[in-house]
file upload_21.tsv (TSV, C-alpha atoms and all ligand atoms)
chain	number	residue	atom	x	y	z
B	1	MET	CA	0.00	0.00	0.00
B	2	ASN	CA	1.23	3.44	-0.89
B	3	PRO	CA	1.84	5.27	2.41
B	4	ALA	CA	0.26	8.39	0.91
B	5	GLN	CA	-3.04	6.49	0.76
B	6	GLN	CA	-3.03	5.55	4.41
B	7	LYS	CA	-5.61	7.22	6.55
B	8	PRO	CA	-4.05	10.29	8.20
B	9	SER	CA	-3.95	10.16	11.97
B	10	PRO	CA	-5.30	12.90	14.25
B	11	ARG	CA	-3.02	15.29	16.15
B	12	TRP	CA	-5.56	16.70	18.59
B	13	VAL	CA	-8.90	15.83	20.15
B	14	ASP	CA	-11.83	18.22	20.56
B	15	PHE	CA	-14.48	15.95	21.97
B	16	HIS	CA	-17.22	18.57	22.42
B	17	CYS	CA	-17.63	21.45	19.99
B	18	HIS	CA	-20.72	23.04	18.41
B	19	LEU	CA	-19.41	23.31	14.84
B	20	ASP	CA	-22.87	24.19	13.52
B	21	LEU	CA	-23.05	27.31	15.68
B	22	TYR	CA	-20.06	29.04	14.06
B	23	PRO	CA	-20.82	31.56	11.29
B	24	ASP	CA	-19.36	29.27	8.57
B	25	HIS	CA	-20.12	25.64	9.38
B	26	GLU	CA	-18.54	24.17	6.26
B	27	ALA	CA	-15.34	26.21	6.61
B	28	ILE	CA	-14.79	25.12	10.19
B	29	ILE	CA	-15.20	21.45	9.24
B	30	ALA	CA	-12.55	21.96	6.55
B	31	GLU	CA	-10.26	23.62	9.11
B	32	CYS	CA	-10.64	20.63	11.48
B	33	GLU	CA	-9.45	18.39	8.64
B	34	LEU	CA	-6.46	20.59	7.87
B	35	ALA	CA	-5.42	20.83	11.51
B	36	ARG	CA	-6.18	17.11	12.00
B	37	VAL	CA	-8.42	17.64	15.01
B	38	ALA	CA	-10.56	14.59	15.84
B	39	THR	CA	-13.72	16.53	16.61
B	40	LEU	CA	-17.05	15.50	18.06
B	41	ALA	CA	-19.55	17.97	16.62
B	42	VAL	CA	-22.32	17.93	19.20
B	43	THR	CA	-25.79	19.21	18.32
B	44	THR	CA	-28.35	20.92	20.55
B	45	THR	CA	-31.46	19.68	18.72
B	46	PRO	CA	-32.10	16.51	16.70
B	47	LYS	CA	-33.32	18.83	13.91
B	48	ALA	CA	-29.65	19.64	13.23
B	49	TRP	CA	-28.62	15.99	12.88
B	50	GLN	CA	-29.18	15.39	9.16
B	51	ARG	CA	-27.42	18.53	7.95
B	52	ASN	CA	-24.42	17.86	10.21
B	53	CYS	CA	-24.21	14.30	8.87
B	54	GLU	CA	-24.39	15.46	5.24
B	55	LEU	CA	-21.53	17.90	5.71
B	56	THR	CA	-19.26	15.38	7.45
B	57	MET	CA	-20.09	12.26	5.45
B	58	ASN	CA	-16.58	11.99	3.99
B	59	SER	CA	-14.73	13.64	6.83
B	60	PRO	CA	-11.81	11.67	8.28
B	61	PHE	CA	-11.80	13.64	11.54
B	62	VAL	CA	-15.24	15.04	12.33
B	63	ARG	CA	-17.99	12.91	13.89
B	64	VAL	CA	-21.50	14.10	14.78
B	65	GLY	CA	-23.38	13.68	18.04
B	66	LEU	CA	-27.17	13.41	18.05
B	67	GLY	CA	-28.31	15.76	20.81
B	68	LEU	CA	-31.07	17.50	22.69
B	69	HIS	CA	-29.52	20.07	25.02
B	70	PRO	CA	-30.95	20.17	28.56
B	71	GLN	CA	-31.13	23.98	28.38
B	72	LEU	CA	-33.56	23.65	25.44
B	73	VAL	CA	-35.79	21.00	26.97
B	74	SER	CA	-38.33	23.52	28.32
B	75	GLU	CA	-39.26	24.44	24.71
B	76	ARG	CA	-38.26	21.27	22.90
B	77	GLU	CA	-39.21	18.27	25.05
B	78	GLY	CA	-41.33	16.91	22.19
B	79	GLU	CA	-38.23	16.56	20.00
B	80	VAL	CA	-37.12	13.53	22.01
B	81	ALA	CA	-39.31	11.46	19.65
B	82	LEU	CA	-37.27	12.72	16.68
B	83	LEU	CA	-34.05	11.93	18.53
B	84	GLU	CA	-35.28	8.38	19.13
B	85	ARG	CA	-36.10	8.04	15.46
B	86	TYR	CA	-32.52	8.91	14.42
B	87	LEU	CA	-30.85	7.06	17.30
B	88	PRO	CA	-30.29	3.68	15.57
B	89	SER	CA	-28.06	5.46	13.02
B	90	ALA	CA	-26.08	7.42	15.64
B	91	ARG	CA	-22.96	6.08	17.32
B	92	TYR	CA	-22.35	9.39	19.14
B	93	VAL	CA	-25.01	11.06	21.28
B	94	GLY	CA	-24.75	14.60	22.66
B	95	GLU	CA	-25.20	17.14	23.83
B	96	ILE	CA	-27.58	15.66	26.37
B	97	GLY	CA	-27.74	15.77	30.17
B	98	LEU	CA	-29.08	17.77	33.09
B	99	ASP	CA	-28.76	21.43	34.14
B	100	ALA	CA	-29.90	22.44	37.61
B	101	GLY	CA	-28.45	25.95	37.39
B	102	PRO	CA	-30.77	28.84	38.35
B	103	ARG	CA	-31.83	29.61	34.75
B	104	PHE	CA	-32.89	26.06	33.94
B	105	TYR	CA	-33.96	24.55	37.22
B	106	ARG	CA	-37.65	25.08	36.40
B	107	SER	CA	-37.45	22.53	33.60
B	108	PHE	CA	-35.49	20.02	35.67
B	109	GLU	CA	-38.28	17.41	35.83
B	110	ALA	CA	-38.74	17.57	32.07
B	111	GLN	CA	-34.95	17.36	31.63
B	112	GLU	CA	-34.89	14.18	33.72
B	113	ARG	CA	-37.69	12.66	31.63
B	114	VAL	CA	-35.80	13.40	28.42
B	115	PHE	CA	-32.39	12.34	29.75
B	116	THR	CA	-33.60	9.01	31.16
B	117	ARG	CA	-35.54	8.24	28.00
B	118	ILE	CA	-32.39	8.80	25.93
B	119	LEU	CA	-30.21	6.78	28.32
B	120	TYR	CA	-32.58	3.79	28.27
B	121	ALA	CA	-32.84	3.89	24.49
B	122	CYS	CA	-29.02	4.03	24.18
B	123	ALA	CA	-28.58	1.18	26.69
B	124	GLU	CA	-31.07	-0.90	24.73
B	125	GLN	CA	-29.24	-0.35	21.44
B	126	GLY	CA	-25.71	-0.48	22.88
B	127	ASN	CA	-22.37	0.66	21.46
B	128	LYS	CA	-23.09	4.37	21.95
B	129	ILE	CA	-20.70	7.13	23.01
B	130	LEU	CA	-22.38	9.93	24.95
B	131	SER	CA	-21.23	13.51	25.69
B	132	ILE	CA	-23.04	14.56	28.85
B	133	HIS	CA	-23.72	17.98	30.43
B	134	SER	CA	-24.09	17.91	34.22
B	135	VAL	CA	-24.21	21.50	35.55
B	136	ARG	CA	-25.08	21.40	39.27
B	137	ALA	CA	-26.41	17.90	38.64
B	138	ALA	CA	-23.38	15.59	38.70
B	139	ALA	CA	-24.82	13.32	41.40
B	140	LYS	CA	-28.15	13.00	39.57
B	141	VAL	CA	-26.42	12.25	36.28
B	142	LEU	CA	-24.44	9.46	37.95
B	143	VAL	CA	-27.58	7.97	39.52
B	144	HIS	CA	-29.28	7.87	36.11
B	145	LEU	CA	-26.20	6.36	34.46
B	146	GLU	CA	-26.18	3.59	37.05
B	147	LYS	CA	-29.92	2.90	36.91
B	148	SER	CA	-29.97	2.67	33.14
B	149	ASN	CA	-27.03	0.21	33.01
B	150	LEU	CA	-25.81	2.26	30.08
B	151	LEU	CA	-22.15	1.72	30.95
B	152	GLU	CA	-22.47	-2.04	30.47
B	153	ASN	CA	-22.46	-1.63	26.70
B	154	SER	CA	-21.73	2.05	26.00
B	155	GLN	CA	-19.43	4.88	27.04
B	156	ALA	CA	-20.12	8.18	28.80
B	157	ILE	CA	-17.95	11.29	28.67
B	158	LEU	CA	-18.73	13.96	31.24
B	159	HIS	CA	-18.24	17.24	29.46
B	160	TRP	CA	-17.11	20.33	31.45
B	161	PHE	CA	-17.49	18.39	34.70
B	162	THR	CA	-17.77	20.70	37.73
B	163	GLY	CA	-18.91	18.29	40.42
B	164	THR	CA	-16.99	17.48	43.58
B	165	VAL	CA	-13.80	15.43	43.82
B	166	ALA	CA	-15.82	12.59	45.39
B	167	GLU	CA	-18.34	12.67	42.53
B	168	ALA	CA	-15.52	12.65	39.99
B	169	ARG	CA	-13.97	9.63	41.69
B	170	ARG	CA	-17.34	7.86	41.62
B	171	ALA	CA	-17.73	8.67	37.92
B	172	ALA	CA	-14.25	7.33	37.15
B	173	GLU	CA	-15.06	4.12	39.07
B	174	LEU	CA	-18.16	3.70	36.95
B	175	GLY	CA	-15.97	3.99	33.84
B	176	CYS	CA	-16.74	7.55	32.73
B	177	TYR	CA	-14.32	9.74	30.80
B	178	PHE	CA	-14.00	13.52	31.25
B	179	SER	CA	-13.59	16.11	28.49
B	180	VAL	CA	-11.73	19.16	29.69
B	181	ASN	CA	-11.72	22.67	28.18
B	182	GLU	CA	-9.53	25.73	28.70
B	183	GLU	CA	-12.25	27.72	30.46
B	184	MET	CA	-12.64	25.18	33.27
B	185	LEU	CA	-8.85	25.17	33.64
B	186	ARG	CA	-8.99	28.85	34.60
B	187	SER	CA	-10.55	27.90	37.94
B	188	ALA	CA	-8.26	26.81	40.78
B	189	LYS	CA	-10.91	24.44	42.12
B	190	HIS	CA	-11.35	22.69	38.79
B	191	ARG	CA	-7.60	22.53	38.15
B	192	LYS	CA	-7.30	20.61	41.37
B	193	LEU	CA	-10.11	18.31	40.30
B	194	ILE	CA	-8.53	17.60	36.89
B	195	GLY	CA	-5.16	16.98	38.54
B	196	SER	CA	-6.84	14.34	40.71
B	197	LEU	CA	-8.38	12.44	37.78
B	198	PRO	CA	-6.64	9.47	36.18
B	199	LEU	CA	-4.82	10.58	33.01
B	200	ASN	CA	-6.25	7.60	31.12
B	201	ARG	CA	-9.78	9.02	31.47
B	202	LEU	CA	-9.07	12.50	30.16
B	203	LEU	CA	-10.02	13.95	26.80
B	204	THR	CA	-9.89	17.55	25.65
B	205	GLU	CA	-12.68	19.73	24.27
B	206	THR	CA	-13.30	23.38	23.43
B	207	ASP	CA	-17.11	23.73	23.82
B	208	GLY	CA	-16.75	26.39	21.15
B	209	PRO	CA	-18.20	28.76	20.25
B	210	PHE	CA	-19.49	29.14	23.82
B	211	VAL	CA	-16.00	29.27	25.30
B	212	GLN	CA	-14.16	32.44	24.38
B	213	SER	CA	-10.60	33.54	24.68
B	214	LYS	CA	-9.66	37.23	24.54
B	215	GLY	CA	-13.14	38.11	23.31
B	216	THR	CA	-13.36	35.64	20.42
B	217	ALA	CA	-14.81	32.15	20.19
B	218	VAL	CA	-12.24	29.39	20.55
B	219	HIS	CA	-11.77	26.97	17.65
B	220	PRO	CA	-11.13	23.21	17.74
B	221	TRP	CA	-7.41	23.67	16.94
B	222	ASP	CA	-7.05	25.88	20.05
B	223	VAL	CA	-7.44	22.70	22.08
B	224	HIS	CA	-3.64	22.55	22.42
B	225	ARG	CA	-4.02	25.09	25.26
B	226	ALA	CA	-6.07	22.60	27.31
B	227	VAL	CA	-3.50	19.90	26.49
B	228	HIS	CA	-0.74	22.17	27.82
B	229	GLU	CA	-2.60	22.79	31.11
B	230	ILE	CA	-3.31	19.07	31.57
B	231	ALA	CA	0.41	18.40	31.02
B	232	LEU	CA	1.26	20.90	33.77
B	233	LEU	CA	-1.29	19.43	36.18
B	234	HIS	CA	-0.04	15.90	35.62
B	235	SER	CA	3.67	16.90	35.52
B	236	ILE	CA	4.33	15.48	32.06
B	237	SER	CA	5.43	17.03	28.78
B	238	ASP	CA	2.92	18.53	26.34
B	239	GLU	CA	3.79	15.77	23.86
B	240	ALA	CA	3.11	13.06	26.45
B	241	ALA	CA	-0.25	14.66	27.35
B	242	ALA	CA	-1.25	14.99	23.68
B	243	SER	CA	-0.37	11.37	22.99
B	244	ALA	CA	-2.17	10.13	26.14
B	245	ILE	CA	-5.31	11.95	25.03
B	246	LEU	CA	-5.12	10.49	21.52
B	247	SER	CA	-4.68	7.03	22.94
B	248	ASN	CA	-7.63	7.57	25.32
B	249	LEU	CA	-9.76	8.48	22.31
B	250	LYS	CA	-8.63	5.33	20.58
B	251	SER	CA	-9.57	3.11	23.54
B	252	LEU	CA	-12.87	4.90	23.88
B	253	VAL	CA	-13.95	4.35	20.29
B	254	THR	CA	-12.63	0.80	19.99
B	255	THR	CA	-14.08	-0.54	23.25
B	256	GLY	CA	-17.08	-2.73	22.82
B	257	GLY	CA	-17.76	-2.00	19.20
B	258	PRO	CA	-16.52	-1.87	15.66
B	259	ALA	CA	-13.90	0.72	14.74
B	260	LEU	CA	-14.93	4.21	13.86
B	261	ARG	CA	-16.74	4.27	10.51
D	301	MN	MN	-21.85	22.37	24.84

call {"tool": "encode", "arguments": {"input": "upload_21.tsv", "output": "C-alpha cells", "more": "lines below"}}
Ligand code: MN
result
Amino acid sequence: MNPAQQKPSPRWVDFHCHLDLYPDHEAIIAECELARVATLAVTTTPKAWQRNCELTMNSPFVRVGLGLHPQLVSEREGEVALLERYLPSARYVGEIGLDAGPRFYRSFEAQERVFTRILYACAEQGNKILSIHSVRAAAKVLVHLEKSNLLENSQAILHWFTGTVAEARRAAELGCYFSVNEEMLRSAKHRKLIGSLPLNRLLTETDGPFVQSKGTAVHPWDVHRAVHEIALLHSISDEAAASAILSNLKSLVTTGGPALR
C-alpha cells in the first residue's frame, strides 16, 4: 500500500464542539481536517442531525453527536421522539444531560424525563458514546447512568465536569471519561479536580463557540491550550499529554464495538 493512501492520523482531540453554531459551518469542518483535530460535533437539537451528517459524510476527523440540550428542553421536550427516530443510526449522542443551574432549574423534571428516555434507548441499542452535560447535577447524572445500566455496553464522557472530587472519583469508578476545556482550567478548584483524575480518562474539548478567549470564540485547533494545562497538572510534557489523550480516544472508540466508521 502506498503510504500516501493511508488514513491520516489525528493530532488533537476536541471531543465537544458546536461546529454548527459558528458563522461558517462548512469552513470550520474543513479547518478541522487541515489541523487534524478529531472533533465530536455535538448538536443541541435533533433537527440539526441530518445537515451535520451530510456535511461530514466523507470527513476523516469530524464525527457528529445526536443531541437535545438540557437547556432547550423547556421548549423542545417533544423533539425527544425525533431523537429516538434517528438514534439507531447514531454512534455518538450529545449534547444531552441535566442542568440544575438557576436559569434552567424550572425545567429540571422535564430534563430528567428526556435524559432518562435517551439513556434507556441508548442502553437498549448499545455501542453508543455519549457527551453529557451535568451543571449542578453531577450526582443525579451518575444515579441515572447507574440505573440505566448504560455503561455495560456504552461509554459516557462527562463534558465540562464541575462536580466534587468525590463525585468525579465515583464517575471514574463507573468507567466515565471527562472532556476538559480551557475555560474550566482557569478555575483553581477545577484545576485541582482535573489533577486528581486518572490521566487515562481525560479527553480535551473546546465547547466552542461558547467558550471564548480574549473576546473571540475558541476553535477546535485551540485545544492545544487545554492539552498544555493538563500536562502541567499531571507533571508530564505537552507531547506526552497529547499522545495520552489520543490514545484515550482510541480506547474509547474501539471498546465494545466496531472501529470508527
Ligand atoms: Mn456544549

call {"tool": "residues_near_ligand", "arguments": {"input": "upload_21.tsv", "ligand": "ligand MN 301 (chain D)", "cutoff": "12 Å", "atoms": "all atoms listed in the file", "output": "PyMOL selection string"}}
result
chain B and resi 14-21+40-45+65+67-72+94-99+131-135+158-161+179-181+205-211

call {"tool": "atom_distance", "arguments": {"input": "upload_21.tsv", "atom1": "atom CA of B:Glu182", "atom2": "atom CA of B:Tyr92"}}
result
22.9 Å

call {"tool": "closest_residue", "arguments": {"input": "upload_21.tsv", "among": "B:Gly78, B:Gly101, B:Gly215, B:Pro8", "to": "B:Ser59", "atoms": "all atoms listed in the file"}}
result
B:Pro8

call {"tool": "residues_around", "arguments": {"input": "upload_21.tsv", "residues": "B:Ser243", "least_positions_apart": "4", "cutoff": "12 Å", "atoms": "all atoms listed in the file", "output": "ChimeraX atom specification"}}
result
/B:9-13,199-200,202-204,224,227-228,230-231,236-239,247-250

call {"tool": "closest_residue", "arguments": {"input": "upload_21.tsv", "among": "B:Thr216, B:Leu193, B:Ala171, B:Leu185", "to": "B:Glu229", "atoms": "all atoms listed in the file"}}
result
B:Leu185

call {"tool": "atom_distance", "arguments": {"input": "upload_21.tsv", "atom1": "atom CA of B:Val143", "atom2": "atom CA of B:Ala156"}}
result
13.1 Å

call {"tool": "residues_around", "arguments": {"input": "upload_21.tsv", "residues": "stretch 122-125 of chain B", "least_positions_apart": "5", "cutoff": "9 Å", "atoms": "all atoms listed in the file", "output": "list of chain:residue names"}}
result
B:Leu87, B:Pro88, B:Val93, B:Arg117, B:Leu130, B:Ser148, B:Asn149, B:Leu150, B:Leu151, B:Glu152, B:Asn153, B:Ser154

call {"tool": "closest_residue", "arguments": {"input": "upload_21.tsv", "among": "B:Arg36, B:Arg63, B:Arg170, B:Lys189", "to": "B:Trp49", "atoms": "all atoms listed in the file"}}
result
B:Arg63

call {"tool": "closest_residue", "arguments": {"input": "upload_21.tsv", "among": "B:Ile245, B:Val218, B:Leu252, B:Val141", "to": "B:Ile129", "atoms": "all atoms listed in the file"}}
result
B:Leu252

call {"tool": "closest_residue", "arguments": {"input": "upload_21.tsv", "among": "B:Thr56, B:Glu183, B:Phe178, B:Ile194", "to": "B:Val223", "atoms": "only C-alpha atoms"}}
result
B:Glu183

call {"tool": "atom_distance", "arguments": {"input": "upload_21.tsv", "atom1": "atom CA of B:His234", "atom2": "atom CA of B:Ala38"}}
result
22.4 Å

call {"tool": "closest_residue", "arguments": {"input": "upload_21.tsv", "among": "B:Ser89, B:Gln212, B:Ser74, B:Thr116", "to": "B:Phe104", "atoms": "only C-alpha atoms"}}
result
B:Ser74
